[in-house]
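Printed here is entry.pdb (PDB, C-alpha atoms):
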```pdb
ATOM      1  CA  MET A 287     -20.147 -18.124 -23.874
ATOM      2  CA  GLY A 288     -23.304 -19.185 -22.083
ATOM      3  CA  LEU A 289     -24.912 -17.323 -19.209
ATOM      4  CA  ASP A 290     -23.806 -19.959 -16.708
ATOM      5  CA  ILE A 291     -20.159 -19.623 -17.743
ATOM      6  CA  PHE A 292     -20.457 -15.833 -17.650
ATOM      7  CA  LEU A 293     -21.821 -15.931 -14.103
ATOM      8  CA  GLN A 294     -19.071 -18.365 -13.101
ATOM      9  CA  HIS A 295     -16.406 -15.909 -14.233
ATOM     10  CA  PHE A 296     -18.384 -13.037 -12.703
ATOM     11  CA  LEU A 297     -18.122 -14.615  -9.245
ATOM     12  CA  ASN A 298     -14.411 -15.289  -9.743
ATOM     13  CA  ALA A 299     -13.934 -11.642 -10.719
ATOM     14  CA  LEU A 300     -15.779 -10.471  -7.613
ATOM     15  CA  GLN A 301     -13.526 -12.601  -5.426
ATOM     16  CA  TRP A 302     -10.285 -11.303  -6.954
ATOM     17  CA  GLY A 303     -11.675  -7.791  -6.991
ATOM     18  CA  SER A 304     -12.312  -8.113  -3.258
ATOM     19  CA  PHE A 305      -8.637  -8.885  -2.619
ATOM     20  CA  TYR A 306      -7.433  -5.994  -4.760
ATOM     21  CA  ALA A 307      -9.936  -3.509  -3.349
ATOM     22  CA  LEU A 308      -9.137  -4.233   0.304
ATOM     23  CA  ILE A 309      -5.407  -3.809  -0.288
ATOM     24  CA  ALA A 310      -5.914  -0.758  -2.519
ATOM     25  CA  LEU A 311      -7.811   0.951   0.294
ATOM     26  CA  GLY A 312      -4.656   0.927   2.411
ATOM     27  CA  TYR A 313      -2.655   2.593  -0.348
ATOM     28  CA  THR A 314      -5.241   5.265  -1.015
ATOM     29  CA  MET A 315      -5.964   6.110   2.637
ATOM     30  CA  VAL A 316      -2.287   6.634   3.480
ATOM     31  CA  TYR A 317      -1.787   8.718   0.364
ATOM     32  CA  GLY A 318      -4.850  10.803   1.144
ATOM     33  CA  VAL A 319      -3.478  11.747   4.558
ATOM     34  CA  LEU A 320       0.285  11.846   3.922
ATOM     35  CA  LEU A 321       0.755  12.086   0.151
ATOM     36  CA  LEU A 322       2.884   8.976   0.692
ATOM     37  CA  ILE A 323       2.852   5.790  -1.371
ATOM     38  CA  ASN A 324       3.451   3.046   1.167
ATOM     39  CA  PHE A 325       5.117   0.549  -1.163
ATOM     40  CA  ALA A 326       5.527  -1.865   1.746
ATOM     41  CA  HIS A 327       1.760  -2.318   1.924
ATOM     42  CA  GLY A 328       1.737  -5.422  -0.274
ATOM     43  CA  ASP A 329       4.054  -7.071   2.220
ATOM     44  CA  ILE A 330       1.724  -6.059   5.054
ATOM     45  CA  PHE A 331      -0.817  -8.246   3.232
ATOM     46  CA  MET A 332       1.725 -11.085   3.386
ATOM     47  CA  VAL A 333       2.415 -10.478   7.082
ATOM     48  CA  GLY A 334      -1.304 -10.536   7.863
ATOM     49  CA  ALA A 335      -1.737 -13.844   6.048
ATOM     50  CA  TYR A 336       1.157 -15.444   7.945
ATOM     51  CA  ILE A 337      -0.025 -14.124  11.300
ATOM     52  CA  GLY A 338      -3.420 -15.610  10.521
ATOM     53  CA  PHE A 339      -1.722 -18.886   9.593
ATOM     54  CA  PHE A 340      -0.031 -19.165  12.990
ATOM     55  CA  ILE A 341      -3.142 -18.130  14.922
ATOM     56  CA  ALA A 342      -5.296 -20.645  13.054
ATOM     57  CA  THR A 343      -2.717 -23.415  13.453
ATOM     58  CA  PHE A 344      -2.555 -22.760  17.195
ATOM     59  CA  LEU A 345      -6.332 -22.735  17.615
ATOM     60  CA  LEU A 346      -6.778 -25.878  15.526
ATOM     61  CA  GLY A 347      -4.189 -27.639  17.663
ATOM     62  CA  ILE A 348      -5.936 -26.935  20.973
ATOM     63  CA  GLY A 349      -7.250 -30.205  22.340
ATOM     64  CA  GLY A 350      -5.305 -32.254  19.807
ATOM     65  CA  ASN A 351      -7.929 -32.102  17.063
ATOM     66  CA  SER A 352      -9.618 -29.604  14.776
ATOM     67  CA  PHE A 353     -13.017 -29.985  16.440
ATOM     68  CA  ALA A 354     -12.123 -28.663  19.893
ATOM     69  CA  ILE A 355     -13.266 -25.173  18.918
ATOM     70  CA  PRO A 356     -16.144 -24.450  16.504
ATOM     71  CA  SER A 357     -14.858 -23.602  13.041
ATOM     72  CA  TRP A 358     -16.770 -20.314  12.889
ATOM     73  CA  LEU A 359     -15.134 -19.228  16.147
ATOM     74  CA  ILE A 360     -11.670 -20.174  14.872
ATOM     75  CA  LEU A 361     -12.283 -18.153  11.705
ATOM     76  CA  THR A 362     -13.511 -15.161  13.707
ATOM     77  CA  LEU A 363     -10.606 -15.261  16.165
ATOM     78  CA  THR A 364      -8.110 -15.709  13.333
ATOM     79  CA  ILE A 365      -9.443 -12.691  11.453
ATOM     80  CA  LEU A 366      -9.630 -10.468  14.536
ATOM     81  CA  GLY A 367      -6.256 -11.582  15.876
ATOM     82  CA  SER A 368      -4.535 -11.078  12.554
ATOM     83  CA  MET A 369      -6.103  -7.661  12.040
ATOM     84  CA  VAL A 370      -5.047  -6.489  15.515
ATOM     85  CA  LEU A 371      -1.472  -7.791  15.305
ATOM     86  CA  THR A 372      -0.975  -6.662  11.714
ATOM     87  CA  SER A 373      -2.258  -3.200  12.568
ATOM     88  CA  GLY A 374       0.432  -3.173  15.248
ATOM     89  CA  VAL A 375       3.027  -3.926  12.570
ATOM     90  CA  GLY A 376       1.705  -1.099  10.409
ATOM     91  CA  LEU A 377       1.662   1.298  13.359
ATOM     92  CA  THR A 378       5.242   0.361  14.260
ATOM     93  CA  ILE A 379       6.387   1.007  10.697
ATOM     94  CA  GLU A 380       4.730   4.428  10.735
ATOM     95  CA  ARG A 381       6.283   5.447  14.047
ATOM     96  CA  VAL A 382       9.754   3.988  13.525
ATOM     97  CA  ALA A 383      10.300   4.632   9.813
ATOM     98  CA  TYR A 384       7.928   7.225   8.386
ATOM     99  CA  ARG A 385       7.286   9.626  11.265
ATOM    100  CA  PRO A 386      10.959  10.534  11.888
ATOM    101  CA  LEU A 387      11.382  11.308   8.178
ATOM    102  CA  ARG A 388       8.215  13.393   8.187
ATOM    103  CA  GLU A 389       9.229  15.371  11.262
ATOM    104  CA  ARG A 390      12.633  16.117   9.748
ATOM    105  CA  GLY A 391      11.073  17.250   6.486
ATOM    106  CA  ALA A 392      12.945  14.595   4.514
ATOM    107  CA  ASN A 393      12.856  14.596   0.729
ATOM    108  CA  ARG A 394      10.019  12.451  -0.646
ATOM    109  CA  LEU A 395      12.529  10.346  -2.559
ATOM    110  CA  TYR A 396      14.013   9.178   0.750
ATOM    111  CA  VAL A 397      10.546   8.267   1.980
ATOM    112  CA  VAL A 398       9.870   6.198  -1.153
ATOM    113  CA  ILE A 399      13.215   4.414  -0.790
ATOM    114  CA  THR A 400      12.416   3.734   2.869
ATOM    115  CA  ALA A 401       9.054   2.226   1.919
ATOM    116  CA  LEU A 402      10.673  -0.072  -0.642
ATOM    117  CA  MET A 403      13.329  -1.153   1.857
ATOM    118  CA  ILE A 404      10.703  -1.923   4.502
ATOM    119  CA  GLY A 405       8.963  -4.210   2.025
ATOM    120  CA  LEU A 406      12.211  -6.036   1.271
ATOM    121  CA  PHE A 407      12.960  -6.265   4.992
ATOM    122  CA  LEU A 408       9.604  -7.936   5.701
ATOM    123  CA  GLU A 409      10.053 -10.389   2.833
ATOM    124  CA  TYR A 410      13.560 -11.467   3.787
ATOM    125  CA  LEU A 411      12.756 -11.540   7.476
ATOM    126  CA  ASN A 412      10.036 -14.045   6.620
ATOM    127  CA  LEU A 413      12.452 -15.951   4.381
ATOM    128  CA  SER A 414      15.123 -16.079   7.091
ATOM    129  CA  LEU A 415      12.779 -17.185   9.863
ATOM    130  CA  LEU A 416      10.475 -19.567   7.993
ATOM    131  CA  GLY A 417      12.411 -20.608   4.899
ATOM    132  CA  ALA A 418      11.497 -20.472   1.228
ATOM    133  CA  ALA A 419       8.994 -23.335   1.289
ATOM    134  CA  ASP A 420       5.350 -22.429   0.795
ATOM    135  CA  ARG A 421       2.973 -22.835   3.720
ATOM    136  CA  GLY A 422      -0.401 -24.480   3.451
ATOM    137  CA  PHE A 423      -3.051 -22.271   5.006
ATOM    138  CA  PRO A 424      -5.352 -24.432   7.158
ATOM    139  CA  GLU A 425      -8.963 -25.012   6.184
ATOM    140  CA  LEU A 426     -10.813 -22.917   8.749
ATOM    141  CA  ILE A 427     -14.267 -23.826   7.523
ATOM    142  CA  GLN A 428     -15.410 -26.866   5.595
ATOM    143  CA  THR A 429     -15.664 -26.039   1.910
ATOM    144  CA  ASP A 430     -19.075 -26.787   0.434
ATOM    145  CA  VAL A 431     -19.738 -26.583  -3.298
ATOM    146  CA  TYR A 432     -23.118 -25.380  -4.540
ATOM    147  CA  THR A 433     -24.475 -25.520  -8.074
ATOM    148  CA  VAL A 434     -27.315 -23.252  -9.143
ATOM    149  CA  GLY A 435     -28.383 -23.122 -12.777
ATOM    150  CA  GLY A 436     -25.103 -24.618 -13.915
ATOM    151  CA  VAL A 437     -23.040 -22.123 -11.898
ATOM    152  CA  SER A 438     -20.784 -23.720  -9.275
ATOM    153  CA  PHE A 439     -19.453 -21.778  -6.315
ATOM    154  CA  THR A 440     -18.234 -22.448  -2.805
ATOM    155  CA  ASN A 441     -19.337 -21.103   0.527
ATOM    156  CA  VAL A 442     -15.797 -19.721   0.974
ATOM    157  CA  LYS A 443     -16.155 -17.611  -2.156
ATOM    158  CA  LEU A 444     -19.468 -16.220  -0.930
ATOM    159  CA  ILE A 445     -17.937 -15.404   2.460
ATOM    160  CA  VAL A 446     -14.989 -13.617   0.822
ATOM    161  CA  ILE A 447     -17.231 -11.486  -1.380
ATOM    162  CA  GLY A 448     -19.864 -10.828   1.275
ATOM    163  CA  LEU A 449     -17.407  -9.952   4.035
ATOM    164  CA  SER A 450     -15.468  -7.637   1.715
ATOM    165  CA  VAL A 451     -18.600  -5.726   0.759
ATOM    166  CA  ILE A 452     -19.673  -5.425   4.402
ATOM    167  CA  VAL A 453     -16.245  -4.118   5.442
ATOM    168  CA  MET A 454     -16.155  -1.594   2.593
ATOM    169  CA  VAL A 455     -19.611  -0.284   3.454
ATOM    170  CA  ALA A 456     -18.601  -0.062   7.125
ATOM    171  CA  LEU A 457     -15.457   1.864   6.152
ATOM    172  CA  GLU A 458     -17.484   4.307   4.081
ATOM    173  CA  VAL A 459     -19.837   4.887   7.020
ATOM    174  CA  PHE A 460     -16.865   5.291   9.372
ATOM    175  CA  LEU A 461     -15.252   7.925   7.164
ATOM    176  CA  ARG A 462     -18.461   9.933   6.845
ATOM    177  CA  ARG A 463     -20.077   9.558  10.273
ATOM    178  CA  THR A 464     -17.261   9.501  12.849
ATOM    179  CA  LYS A 465     -14.974  12.301  14.016
ATOM    180  CA  ILE A 466     -11.828  10.353  13.156
ATOM    181  CA  GLY A 467     -13.168   9.494   9.717
ATOM    182  CA  MET A 468     -14.184  13.063   8.988
ATOM    183  CA  ALA A 469     -10.765  14.249  10.166
ATOM    184  CA  MET A 470      -9.121  11.850   7.702
ATOM    185  CA  ARG A 471     -11.256  13.191   4.882
ATOM    186  CA  ALA A 472     -10.584  16.788   5.902
ATOM    187  CA  ILE A 473      -6.822  16.227   5.941
ATOM    188  CA  SER A 474      -6.962  14.701   2.473
ATOM    189  CA  TYR A 475      -8.537  17.927   1.189
ATOM    190  CA  ASP A 476      -6.451  20.510   3.059
ATOM    191  CA  LYS A 477      -3.291  19.445   4.842
ATOM    192  CA  VAL A 478      -2.396  23.011   5.849
ATOM    193  CA  ALA A 479      -5.589  24.335   7.417
ATOM    194  CA  VAL A 480      -6.713  21.195   9.261
ATOM    195  CA  PRO A 481      -3.746  21.024  11.707
ATOM    196  CA  LEU A 482      -4.304  24.700  12.523
ATOM    197  CA  MET A 483      -7.802  23.775  13.709
ATOM    198  CA  GLY A 484      -6.381  21.573  16.473
ATOM    199  CA  VAL A 485      -6.733  18.209  14.749
ATOM    200  CA  PRO A 486      -4.080  15.810  16.176
ATOM    201  CA  MET A 487      -2.247  14.918  12.978
ATOM    202  CA  ASN A 488      -0.077  12.147  14.419
ATOM    203  CA  ALA A 489      -3.091  10.392  15.922
ATOM    204  CA  ILE A 490      -5.032  10.569  12.648
ATOM    205  CA  ILE A 491      -2.033   9.316  10.672
ATOM    206  CA  ALA A 492      -1.588   6.437  13.127
ATOM    207  CA  ALA A 493      -5.280   5.551  12.810
ATOM    208  CA  THR A 494      -4.926   5.543   9.033
ATOM    209  CA  PHE A 495      -2.070   3.033   9.173
ATOM    210  CA  VAL A 496      -3.999   0.886  11.641
ATOM    211  CA  ILE A 497      -7.070   0.728   9.401
ATOM    212  CA  GLY A 498      -5.085   0.154   6.210
ATOM    213  CA  SER A 499      -3.008  -2.624   7.778
ATOM    214  CA  SER A 500      -6.128  -4.261   9.230
ATOM    215  CA  LEU A 501      -7.781  -4.350   5.817
ATOM    216  CA  ALA A 502      -4.647  -5.870   4.279
ATOM    217  CA  ALA A 503      -4.652  -8.539   7.000
ATOM    218  CA  LEU A 504      -8.292  -9.331   6.262
ATOM    219  CA  ALA A 505      -7.434  -9.710   2.581
ATOM    220  CA  GLY A 506      -4.560 -12.015   3.535
ATOM    221  CA  ILE A 507      -6.789 -14.272   5.639
ATOM    222  CA  MET A 508      -9.415 -14.489   2.902
ATOM    223  CA  TYR A 509      -6.778 -15.176   0.256
ATOM    224  CA  GLY A 510      -5.327 -17.968   2.386
ATOM    225  CA  SER A 511      -8.785 -19.421   3.023
ATOM    226  CA  ALA A 512      -9.566 -19.394  -0.700
ATOM    227  CA  TYR A 513      -6.269 -20.722  -2.096
ATOM    228  CA  HIS A 514      -4.515 -22.304   0.932
ATOM    229  CA  VAL A 515      -0.984 -21.393  -0.191
ATOM    230  CA  LEU A 516       1.270 -18.755   1.389
ATOM    231  CA  SER A 517       4.754 -17.677   0.331
ATOM    232  CA  PHE A 518       7.217 -15.061   1.531
ATOM    233  CA  ASP A 519       6.873 -13.107  -1.734
ATOM    234  CA  MET A 520       3.098 -13.397  -2.115
ATOM    235  CA  GLY A 521       2.589  -9.692  -1.494
ATOM    236  CA  ILE A 522       4.764  -8.403  -4.334
ATOM    237  CA  LEU A 523       2.604  -8.856  -7.430
ATOM    238  CA  ILE A 524      -0.767  -8.513  -5.721
ATOM    239  CA  GLY A 525       0.543  -5.427  -3.914
ATOM    240  CA  TRP A 526       1.590  -3.746  -7.147
ATOM    241  CA  LYS A 527      -1.721  -4.646  -8.761
ATOM    242  CA  ALA A 528      -3.629  -3.164  -5.836
ATOM    243  CA  PHE A 529      -1.521  -0.012  -6.066
ATOM    244  CA  ILE A 530      -2.346   0.316  -9.761
ATOM    245  CA  ALA A 531      -6.024  -0.247  -8.943
ATOM    246  CA  ALA A 532      -5.851   2.581  -6.391
ATOM    247  CA  VAL A 533      -4.235   4.893  -8.945
ATOM    248  CA  VAL A 534      -6.788   4.028 -11.619
ATOM    249  CA  GLY A 535      -9.639   4.682  -9.203
ATOM    250  CA  GLY A 536      -8.048   7.975  -8.181
ATOM    251  CA  ILE A 537      -5.329   7.725  -5.544
ATOM    252  CA  GLY A 538      -6.575   9.273  -2.320
ATOM    253  CA  GLU A 539     -10.228   8.508  -3.117
ATOM    254  CA  VAL A 540     -11.670   5.646  -1.066
ATOM    255  CA  ARG A 541     -14.501   4.872  -3.451
ATOM    256  CA  GLY A 542     -12.039   4.996  -6.309
ATOM    257  CA  ALA A 543      -9.886   2.326  -4.652
ATOM    258  CA  MET A 544     -12.905   0.058  -4.318
ATOM    259  CA  VAL A 545     -13.973   0.540  -7.928
ATOM    260  CA  GLY A 546     -10.411   0.232  -9.207
ATOM    261  CA  GLY A 547      -9.904  -3.033  -7.328
ATOM    262  CA  PHE A 548     -13.037  -4.641  -8.695
ATOM    263  CA  LEU A 549     -12.344  -3.264 -12.178
ATOM    264  CA  LEU A 550      -8.922  -4.907 -12.167
ATOM    265  CA  GLY A 551     -10.437  -8.187 -10.994
ATOM    266  CA  PHE A 552     -13.028  -8.126 -13.771
ATOM    267  CA  ILE A 553     -10.487  -7.314 -16.476
ATOM    268  CA  GLU A 554      -8.184 -10.146 -15.422
ATOM    269  CA  ILE A 555     -10.844 -12.814 -15.126
ATOM    270  CA  PHE A 556     -12.602 -11.923 -18.355
ATOM    271  CA  VAL A 557      -9.302 -12.056 -20.235
ATOM    272  CA  VAL A 558      -9.088 -15.654 -19.041
ATOM    273  CA  ALA A 559     -12.716 -16.204 -20.065
ATOM    274  CA  LEU A 560     -12.104 -14.747 -23.522
ATOM    275  CA  GLY A 561      -9.321 -17.282 -24.018
ATOM    276  CA  GLN A 562     -11.977 -20.013 -23.907
ATOM    277  CA  VAL A 563     -13.917 -18.506 -26.813
ATOM    278  CA  PRO A 564     -13.270 -20.097 -30.243
ATOM    279  CA  GLY A 565     -10.758 -18.006 -32.155
ATOM    280  CA  PHE A 566      -9.193 -16.575 -28.999
ATOM    281  CA  GLU A 567      -7.522 -19.729 -27.693
ATOM    282  CA  TRP A 568      -4.144 -17.994 -28.004
ATOM    283  CA  LEU A 569      -5.225 -15.595 -25.254
ATOM    284  CA  SER A 570      -4.154 -17.814 -22.360
ATOM    285  CA  SER A 571      -4.215 -16.934 -18.684
ATOM    286  CA  THR A 572      -0.582 -15.821 -18.965
ATOM    287  CA  TYR A 573      -1.849 -12.699 -20.740
ATOM    288  CA  ARG A 574      -4.173 -11.644 -17.923
ATOM    289  CA  ASP A 575      -1.641  -9.334 -16.291
ATOM    290  CA  LEU A 576      -0.445  -7.834 -19.580
ATOM    291  CA  VAL A 577      -3.947  -7.071 -20.840
ATOM    292  CA  ALA A 578      -5.105  -5.771 -17.466
ATOM    293  CA  PHE A 579      -2.176  -3.383 -17.136
ATOM    294  CA  THR A 580      -2.589  -2.235 -20.741
ATOM    295  CA  VAL A 581      -6.265  -1.397 -20.261
ATOM    296  CA  LEU A 582      -5.540   0.413 -17.019
ATOM    297  CA  LEU A 583      -2.725   2.342 -18.709
ATOM    298  CA  VAL A 584      -5.187   3.478 -21.366
ATOM    299  CA  ILE A 585      -7.597   4.656 -18.656
ATOM    300  CA  LEU A 586      -4.856   6.708 -17.017
ATOM    301  CA  THR A 587      -3.844   8.151 -20.381
ATOM    302  CA  VAL A 588      -7.389   9.375 -20.956
ATOM    303  CA  LYS A 589      -7.934  10.504 -17.343
ATOM    304  CA  PRO A 590      -4.607  10.925 -15.512
ATOM    305  CA  THR A 591      -6.274  11.659 -12.168
ATOM    306  CA  GLY A 592      -8.062   8.306 -12.219
ATOM    307  CA  LEU A 593     -11.758   7.547 -12.459
ATOM    308  CA  PHE A 594     -12.725   9.380  -9.257
ATOM    309  CA  GLY A 595      -9.719  11.650  -8.842
ATOM    310  CA  VAL A 596      -9.942  15.418  -9.182
ATOM    311  CA  ALA A 597      -7.031  17.601 -10.215
ATOM    312  CA  ARG A 598      -6.132  19.931  -7.359
ATOM    313  CA  ARG A 599      -3.762  22.835  -7.315
ATOM    314  CA  GLN A 600      -0.994  22.695  -4.775
ATOM    315  CA  LYS A 601       0.102  25.902  -3.089
ATOM    316  CA  VAL A 602       3.838  26.522  -3.259
TER     317      VAL A 602
END
```
Represent the structure from my file as structure tokens, please.
Amino acid sequence: MGLDIFLQHFLNALQWGSFYALIALGYTMVYGVLLLINFAHGDIFMVGAYIGFFIATFLLGIGGNSFAIPSWLILTLTILGSMVLTSGVGLTIERVAYRPLRERGANRLYVVITALMIGLFLEYLNLSLLGAADRGFPELIQTDVYTVGGVSFTNVKLIVIGLSVIVMVALEVFLRRTKIGMAMRAISYDKVAVPLMGVPMNAIIAATFVIGSSLAALAGIMYGSAYHVLSFDMGILIGWKAFIAAVVGGIGEVRGAMVGGFLLGFIEIFVVALGQVPGFEWLSSTYRDLVAFTVLLVILTVKPTGLFGVARRQKV
């Protein structure tokens, strides 16, 4: 495998890692605050992508042609609009489904079942309203292909990777420099003492769902812009993969979710790359999920708390 081919796969891995990491952040942030696995989060990714689809379609239709509004403005408005509306969906789910169970002290099993049912509800609501046919996500910006040193890449891929990194850095700064962010981190370390200090738990929990849902929406828009195909069940597999990435990184640890997401992306893409090496032709792309999950299972066997997770005693 030459250097140019290696770099080609490296960029592909960064792009897929960006999707996984952004979704994994939603899982890990909610778990850090609530000790809840929001299994509906993969479908929030789907909802964000579809909301972006309708916003973009509307904006592109203004004036009867796709040039009435600058493409960069359409992309910006689509991302912001989808993030805002999807965060509203996440906030509604928290208030309508999770908060009543939390206030009643419901068994965690009921909460998990509720999360799974919410995911199914979102999928079949989409199926009922829009049908089973895939939707073609509109081209928000003209795709340009660049070739440098034998490595080909598109401007869309660079935007996906660059925007993901910027958002992750901004999230890290938010969690460490703002009062809300520090409250989230404090709750993840001590859920008993922090409320006694006057921290508004419901407000912090709501903010966590808003941020997590917004990041999932961003991932949905970028996925649609990169691959242009949406389906009602698109959040299932990628949602489970992102959850596994969060667990491998150390569920509840923001940096761990980022690392776990990119690690999963690299493992998958380089399995595909290895299948192009003489002697490994049998290792087709159909094995990417199997090999990725196997490697991640080995990591968890060696370090059950994940790469960044720390074993903590729980008071009974």
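Distances here use only C-alpha atoms; by that measure, the residue among A:Val455, A:Ala492, A:Asp329, A:Gly538 closest to Val382 of chain A is A:Ala492.
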Output as a Markdown table one row per residue of segment 344-388 of chain A within 12 Å of segment 406-416 of chain A: the closest atom pair and its distance in Å to one decimal place, counting all atoms listed in the file, sorted by chain and residue number ascending.
```
| residue | atom | partner | partner_atom | distance |
| --- | --- | --- | --- | --- |
| A:Val375 | CA | A:Leu408 | CA | 10.3 |
| A:Gly376 | CA | A:Leu408 | CA | 11.5 |
| A:Ile379 | CA | A:Leu408 | CA | 10.7 |
```
**Ser368 of chain A surroundings by only C-alpha atoms, 7 Å radius, close-in-sequence under 6 positions cut, as a list in words** =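 With the cut-off at 7 Å, the set is Gly334, Ile337, Gly338 and Ala503 of chain A.
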**Message:** I'd like the residues picked by the PyMOL selection byres ((chain A and resi 302) around 9) written out as an MDAnalysis selection string, using the chain letters and numbers from the file.
**Reply:** chainID A and resid 297:301 303:307 447 509 547:548 550:552 554:555
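For the set A:Leu461, A:Leu582, A:Ile427, A:Ile341, the residue with the smallest atom-to-atom gap to Ser357 of chain A is A:Ile427, counting all atoms listed in the file.
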**Request:** Rounded to one decimal place, report the atom CA of Phe556 of chain A-atom CA of Phe331 of chain A distance in Å.
**Result:** 24.9 Å
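Among the candidates A:Ala383, A:Ile490, A:Ala578, A:Val588, the one nearest to Ile473 of chain A when counting all atoms listed in the file is A:Ile490.
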**Among listed residues A:Pro590, A:Asn488, A:Leu482, A:Thr440, nearest Pro386 of chain A (using all atoms listed in the file)** =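 The shortest atom-to-atom distance to Pro386 of chain A comes from A:Asn488.
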**Request:** Tell me which of A:Thr314, A:Thr429, A:Thr464, A:Ser474 sits closest to Ile537 of chain A, counting only C-alpha atoms.
**Result:**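 Of the candidates, the smallest distance to Ile537 of chain A is held by A:Thr314.
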**Request:** Let me know the residues the PyMOL selection byres ((chain A and resi 535) around 9) catches in the file above, as a ChimeraX atom specification.
**Result:** /A:530-534,536-547,549,591-595
Would you mind exporting C-alpha atoms of the selected residues as a PDB file, in the coordinates of the input?
```pdb
ATOM      1  CA  ILE A 530      -2.346   0.316  -9.761  1.00  0.00           C
ATOM      2  CA  ALA A 531      -6.024  -0.247  -8.943  1.00  0.00           C
ATOM      3  CA  ALA A 532      -5.851   2.581  -6.391  1.00  0.00           C
ATOM      4  CA  VAL A 533      -4.235   4.893  -8.945  1.00  0.00           C
ATOM      5  CA  VAL A 534      -6.788   4.028 -11.619  1.00  0.00           C
ATOM      6  CA  GLY A 536      -8.048   7.975  -8.181  1.00  0.00           C
ATOM      7  CA  ILE A 537      -5.329   7.725  -5.544  1.00  0.00           C
ATOM      8  CA  GLY A 538      -6.575   9.273  -2.320  1.00  0.00           C
ATOM      9  CA  GLU A 539     -10.228   8.508  -3.117  1.00  0.00           C
ATOM     10  CA  VAL A 540     -11.670   5.646  -1.066  1.00  0.00           C
ATOM     11  CA  ARG A 541     -14.501   4.872  -3.451  1.00  0.00           C
ATOM     12  CA  GLY A 542     -12.039   4.996  -6.309  1.00  0.00           C
ATOM     13  CA  ALA A 543      -9.886   2.326  -4.652  1.00  0.00           C
ATOM     14  CA  MET A 544     -12.905   0.058  -4.318  1.00  0.00           C
ATOM     15  CA  VAL A 545     -13.973   0.540  -7.928  1.00  0.00           C
ATOM     16  CA  GLY A 546     -10.411   0.232  -9.207  1.00  0.00           C
ATOM     17  CA  GLY A 547      -9.904  -3.033  -7.328  1.00  0.00           C
ATOM     18  CA  LEU A 549     -12.344  -3.264 -12.178  1.00  0.00           C
ATOM     19  CA  THR A 591      -6.274  11.659 -12.168  1.00  0.00           C
ATOM     20  CA  GLY A 592      -8.062   8.306 -12.219  1.00  0.00           C
ATOM     21  CA  LEU A 593     -11.758   7.547 -12.459  1.00  0.00           C
ATOM     22  CA  PHE A 594     -12.725   9.380  -9.257  1.00  0.00           C
ATOM     23  CA  GLY A 595      -9.719  11.650  -8.842  1.00  0.00           C
TER      24      GLY A 595
END
```
**Message:** Suppose a student applies the PyMOL selection byres ((chain A and resi 388) around 12) to this structure; what residues should they get, written as an MDAnalysis selection string?
**Reply:** chainID A and resid 320:322 380:387 389:398 400 487:488 491
**Prompt:** A:Val485, A:Ile553, A:Gly525, A:Leu345: which is nearest Arg471 of chain A, counting only C-alpha atoms?
**Reply:**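 The shortest atom-to-atom distance to Arg471 of chain A comes from A:Val485.
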Residues proximal to (-10.4, 0.9, 3.9) were defined as those with any atom within 6 Å of that point in the file's coordinates, counting all atoms listed in the file. Which are they, as a short mmCIF file (atom, residue, chain, number, x, y, z; two decimals) with C-alpha atoms, keeping the file's coordinate frame?
```
data_model
loop_
_atom_site.label_atom_id
_atom_site.label_comp_id
_atom_site.auth_asym_id
_atom_site.auth_seq_id
_atom_site.Cartn_x
_atom_site.Cartn_y
_atom_site.Cartn_z
CA LEU A 311 -7.81 0.95 0.29
CA GLY A 312 -4.66 0.93 2.41
CA LEU A 457 -15.46 1.86 6.15
CA GLY A 498 -5.08 0.15 6.21
#
```
**Item:** Point-to-point distance in Å for atom CA of Leu359 of chain A and atom CA of Gly422 of chain A
**Value:**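 Separation between atom CA of Gly422 of chain A and atom CA of Leu359 of chain A: 20.1 Å.
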**Asked** Got a sec: who's within 8 Å of Val431 of chain A, counting all atoms listed in the file, leaving out chain neighbours fewer than 3 positions off, as a PyMOL selection string?
**Response** chain A and resi 438-441
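Counting from atom CA of Met403 of chain A, the distance to atom CA of Asn324 of chain A is 10.8 Å.
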